[in-house]
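Engineer: Handing over data.csv, CSV, C-alpha atoms.
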```
chain,number,residue,atom,x,y,z
A,794,LEU,CA,-25.4,-135.5,39.9
A,795,LEU,CA,-27.7,-138.6,40.2
A,796,LYS,CA,-26.6,-139.8,36.7
A,797,MET,CA,-22.9,-139.5,37.8
A,798,ILE,CA,-23.6,-141.4,41.0
A,799,ALA,CA,-25.3,-144.2,39.0
A,800,ARG,CA,-22.6,-144.3,36.4
A,801,TYR,CA,-19.8,-144.6,39.0
A,802,LYS,CA,-21.8,-146.9,41.2
A,803,ALA,CA,-21.2,-144.6,44.2
A,804,ALA,CA,-23.0,-144.8,47.5
A,805,LEU,CA,-25.3,-141.9,48.4
A,806,VAL,CA,-26.6,-140.7,51.8
A,807,LEU,CA,-30.1,-139.2,51.6
A,808,MET,CA,-30.7,-136.9,54.5
A,809,HIS,CA,-34.0,-135.3,55.6
A,810,ILE,CA,-34.0,-131.6,55.9
A,811,ARG,CA,-36.6,-128.9,55.5
A,812,GLY,CA,-35.5,-125.8,53.7
A,813,THR,CA,-31.9,-124.9,53.7
A,814,PRO,CA,-29.4,-124.6,56.5
A,815,ARG,CA,-30.3,-120.9,56.8
A,816,SER,CA,-34.1,-121.5,56.9
A,817,MET,CA,-34.4,-125.0,58.4
A,818,GLN,CA,-34.9,-123.9,62.1
A,819,LYS,CA,-37.8,-121.8,61.0
A,820,ARG,CA,-39.6,-124.9,59.7
A,821,THR,CA,-39.8,-127.2,62.7
A,822,ARG,CA,-43.6,-127.8,62.7
A,823,TYR,CA,-44.7,-131.2,61.7
A,824,ARG,CA,-48.2,-132.8,61.7
A,825,ASP,CA,-46.6,-136.3,61.8
A,826,LEU,CA,-42.9,-136.1,62.4
A,827,MET,CA,-41.9,-139.7,61.6
A,828,GLY,CA,-44.5,-140.0,58.9
A,829,GLU,CA,-43.2,-136.9,57.1
A,830,ILE,CA,-39.6,-137.9,57.4
A,831,ILE,CA,-40.3,-141.4,56.1
A,832,GLN,CA,-42.3,-140.1,53.2
A,833,SER,CA,-39.7,-137.6,52.3
A,834,LEU,CA,-36.9,-140.2,52.4
A,835,LYS,CA,-39.1,-142.6,50.4
A,836,ASN,CA,-39.6,-140.0,47.7
A,837,SER,CA,-35.9,-139.4,47.6
A,838,THR,CA,-35.0,-143.1,47.3
A,839,GLU,CA,-37.6,-143.5,44.5
A,840,ILE,CA,-36.0,-140.6,42.5
A,841,CYS,CA,-32.6,-142.2,42.9
A,842,LEU,CA,-33.9,-145.6,41.8
A,843,GLU,CA,-35.5,-144.0,38.7
A,844,SER,CA,-32.2,-142.4,38.0
A,845,GLY,CA,-30.4,-145.8,37.8
A,846,ILE,CA,-28.8,-145.8,41.3
A,847,LYS,CA,-29.0,-149.3,42.7
A,848,SER,CA,-30.8,-149.8,46.0
A,849,ASP,CA,-27.7,-151.3,47.7
A,850,LYS,CA,-26.0,-147.9,47.2
A,851,LEU,CA,-28.5,-145.9,49.2
A,852,ILE,CA,-28.3,-144.9,52.8
A,853,ILE,CA,-30.9,-142.9,54.7
A,854,ASP,CA,-30.4,-140.3,57.4
A,855,PRO,CA,-33.3,-138.7,59.4
A,856,GLY,CA,-31.3,-135.4,59.6
A,857,ILE,CA,-31.0,-135.0,63.4
A,858,GLY,CA,-30.7,-131.3,64.1
A,859,PHE,CA,-31.7,-130.2,60.6
A,860,GLY,CA,-35.0,-128.5,61.0
A,861,LYS,CA,-35.9,-130.2,64.2
A,862,THR,CA,-36.3,-129.1,67.8
A,863,VAL,CA,-34.7,-130.8,70.8
A,864,ALA,CA,-37.8,-132.8,71.5
A,865,GLN,CA,-38.2,-133.8,67.9
A,866,ASN,CA,-34.6,-135.0,67.7
A,867,LEU,CA,-35.2,-137.2,70.8
A,868,GLU,CA,-38.4,-138.5,69.3
A,869,ILE,CA,-36.7,-139.5,66.1
A,870,LEU,CA,-34.0,-141.3,68.0
A,871,ASP,CA,-36.6,-143.1,70.1
A,872,ARG,CA,-38.5,-144.2,67.0
A,873,LEU,CA,-35.5,-144.7,64.7
A,874,GLU,CA,-36.4,-148.4,64.0
A,875,GLU,CA,-39.5,-147.1,62.0
A,876,LEU,CA,-37.1,-146.0,59.3
A,877,GLY,CA,-36.2,-149.7,58.9
A,878,ALA,CA,-39.4,-150.1,57.0
A,879,LEU,CA,-37.8,-148.4,54.0
A,880,GLY,CA,-35.2,-151.2,53.7
A,881,TYR,CA,-32.1,-149.1,53.6
A,882,PRO,CA,-29.1,-148.7,56.0
A,883,ILE,CA,-29.8,-145.9,58.5
A,884,LEU,CA,-27.1,-143.3,59.2
A,885,VAL,CA,-27.3,-141.2,62.4
A,886,GLY,CA,-25.0,-138.2,62.9
A,887,THR,CA,-25.5,-136.8,66.4
A,888,SER,CA,-21.9,-136.3,67.5
A,889,ARG,CA,-21.5,-133.0,69.4
A,890,LYS,CA,-24.9,-131.7,68.2
A,891,SER,CA,-26.5,-128.7,69.8
A,892,PHE,CA,-29.4,-130.6,71.2
A,893,ILE,CA,-26.9,-132.5,73.4
A,894,GLY,CA,-25.5,-129.3,74.6
A,895,LYS,CA,-29.0,-127.9,75.3
A,896,ILE,CA,-29.9,-130.9,77.4
A,897,LEU,CA,-26.6,-131.2,79.3
A,898,LYS,CA,-26.0,-127.5,79.4
A,899,ASN,CA,-22.5,-127.7,78.1
A,900,ASN,CA,-20.4,-126.4,75.2
A,901,VAL,CA,-19.3,-128.3,72.1
A,902,GLY,CA,-16.0,-129.4,73.7
A,903,GLU,CA,-17.8,-131.0,76.6
A,904,ARG,CA,-20.2,-133.3,74.7
A,905,LEU,CA,-18.2,-136.6,74.4
A,906,THR,CA,-20.2,-138.4,77.0
A,907,GLY,CA,-23.5,-137.2,75.6
A,908,SER,CA,-22.5,-137.9,72.1
A,909,LEU,CA,-21.5,-141.5,73.0
A,910,SER,CA,-24.7,-142.0,74.9
A,911,VAL,CA,-26.8,-140.9,72.0
A,912,MET,CA,-24.7,-143.0,69.6
A,913,VAL,CA,-25.2,-146.2,71.6
A,914,ALA,CA,-29.0,-145.5,71.9
A,915,SER,CA,-29.0,-145.0,68.1
A,916,ILE,CA,-27.3,-148.3,67.5
A,917,LEU,CA,-29.7,-150.1,69.9
A,918,LYS,CA,-32.6,-148.5,68.0
A,919,GLY,CA,-31.4,-149.6,64.5
A,920,ALA,CA,-28.7,-147.3,63.2
A,921,HIS,CA,-26.3,-149.1,60.9
A,922,ILE,CA,-23.8,-146.2,60.5
A,923,VAL,CA,-22.9,-143.4,62.8
A,924,ARG,CA,-21.1,-140.2,62.1
A,925,VAL,CA,-18.7,-139.2,64.9
A,926,HIS,CA,-15.9,-136.8,65.8
A,927,ASP,CA,-14.2,-138.8,68.5
A,928,VAL,CA,-13.4,-141.9,66.5
A,929,ARG,CA,-11.5,-144.0,69.0
A,930,ALA,CA,-14.0,-143.6,71.9
A,931,ALA,CA,-16.9,-144.0,69.5
A,932,ALA,CA,-15.5,-147.1,67.9
A,933,GLN,CA,-15.0,-148.7,71.3
A,934,ALA,CA,-18.5,-147.8,72.5
A,935,ALA,CA,-19.9,-149.2,69.2
A,936,GLN,CA,-17.9,-152.4,69.5
A,937,MET,CA,-19.2,-153.0,73.0
A,938,THR,CA,-22.8,-152.2,71.9
A,939,ASP,CA,-22.4,-154.7,69.1
A,940,ALA,CA,-21.0,-157.3,71.6
A,941,VAL,CA,-24.1,-156.9,73.8
A,942,LEU,CA,-26.4,-157.2,70.8
A,943,ASN,CA,-24.5,-160.2,69.5
A,944,TYR,CA,-23.4,-161.9,72.7
A,945,ASN,CA,-23.9,-165.4,71.2
A,946,ARG,CA,-20.8,-164.9,69.1
A,947,TYR,CA,-18.7,-165.1,72.3
A,948,ASP,CA,-17.7,-168.2,74.1
A,949,LYS,CA,-19.8,-169.1,77.1
A,950,GLU,CA,-17.7,-169.4,80.2
```
The structure given in the file should be rewritten as structure tokens.
Structural biologist:
Amino acid sequence: LLKMIARYKAALVLMHIRGTPRSMQKRTRYRDLMGEIIQSLKNSTEICLESGIKSDKLIIDPGIGFGKTVAQNLEILDRLEELGALGYPILVGTSRKSFIGKILKNNVGERLTGSLSVMVASILKGAHIVRVHDVRAAAQAAQMTDAVLNYNRYDKE
């Protein structure tokens, strides 16, 4: 697969996960949560680079919800900017995730506000790309977040 990605110059998202989707929630103990995620993603990027994939084609994802507890997901989001040390765009996919439902005590169909809140926080903490379900609402929230972060683009009145 890596050779094909390199050959066709495709982009690749490298996501942190422990185990498989069946076993991941049984492997949520970390000695150094962010250190282990960063090291794992660094190892993955090095394998890709050795396979001929160009660095500008790589995107990293800390794997929110994949082998992490509610508290660990929140810690990752709070410390997201630490992933910037790897030098790759950061993707965060938190839309409608179960940790939002656990915190807000609601079902998947009632997680828009929580999802948008976490998305905005992710952007403020360094996410370059967000995976969402509610595209229109998310695009508007991301556009307003970008406006706040880049207010100097707008005319001063």
Engineer: How many Å separate atom CA of Leu884 of chain A from atom CA of Ile852 of chain A?
Structural biologist: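 Atom CA of Leu884 of chain A sits 6.7 Å away from atom CA of Ile852 of chain A.
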Engineer: Please provide the set of residues having any atom within 9 Å of Ile830 of chain A, restricted to only C-alpha atoms, with same-chain residues fewer than 5 positions apart removed, written as a list in words.
Structural biologist: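 After dropping sequence-adjacent residues, the list is His809, Ile810, Asp825, Lys835, Pro855, Gly856 and Leu876 of chain A.
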Engineer: Tell me which of A:Lys819, A:Lys918, A:Lys850, A:Lys861 sits closest to Glu874 of chain A, counting only C-alpha atoms.
Structural biologist: A:Lys918
Engineer: Could you tell me how far atom CA of Leu870 of chain A sits from atom CA of Lys895 of chain A, in Å to one decimal place?
Structural biologist: 16.1 Å
Engineer: In Å, rounded to a single decimal, give me how far atom CA of Val923 of chain A is from atom CA of Lys898 of chain A.
Structural biologist: 23.2 Å
Engineer: Could you list, as a list in words, every residue within 12 Å of Gln933 of chain A, counting all atoms listed in the file and ignoring same-chain residues fewer than 6 positions away?
Structural biologist: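 Using all atoms listed in the file, the neighbours found are Leu909, Met912, Val913, Asp927, Asp939 and Ala940 of chain A.
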Engineer: Please list as number ranges by chain every residue within 8 Å of Asn866 of chain A, counting all atoms listed in the file and excluding residues in the same chain fewer than 5 positions away.
Structural biologist: A: 857-858, 861, 892
Engineer: Using all atoms listed in the file, which residue out of A:Gln832, A:Ile846, A:Gly894, A:Val901 lies closest to Glu875 of chain A?
Structural biologist: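 Among the listed residues, the smallest separation from Glu875 of chain A belongs to A:Gln832.
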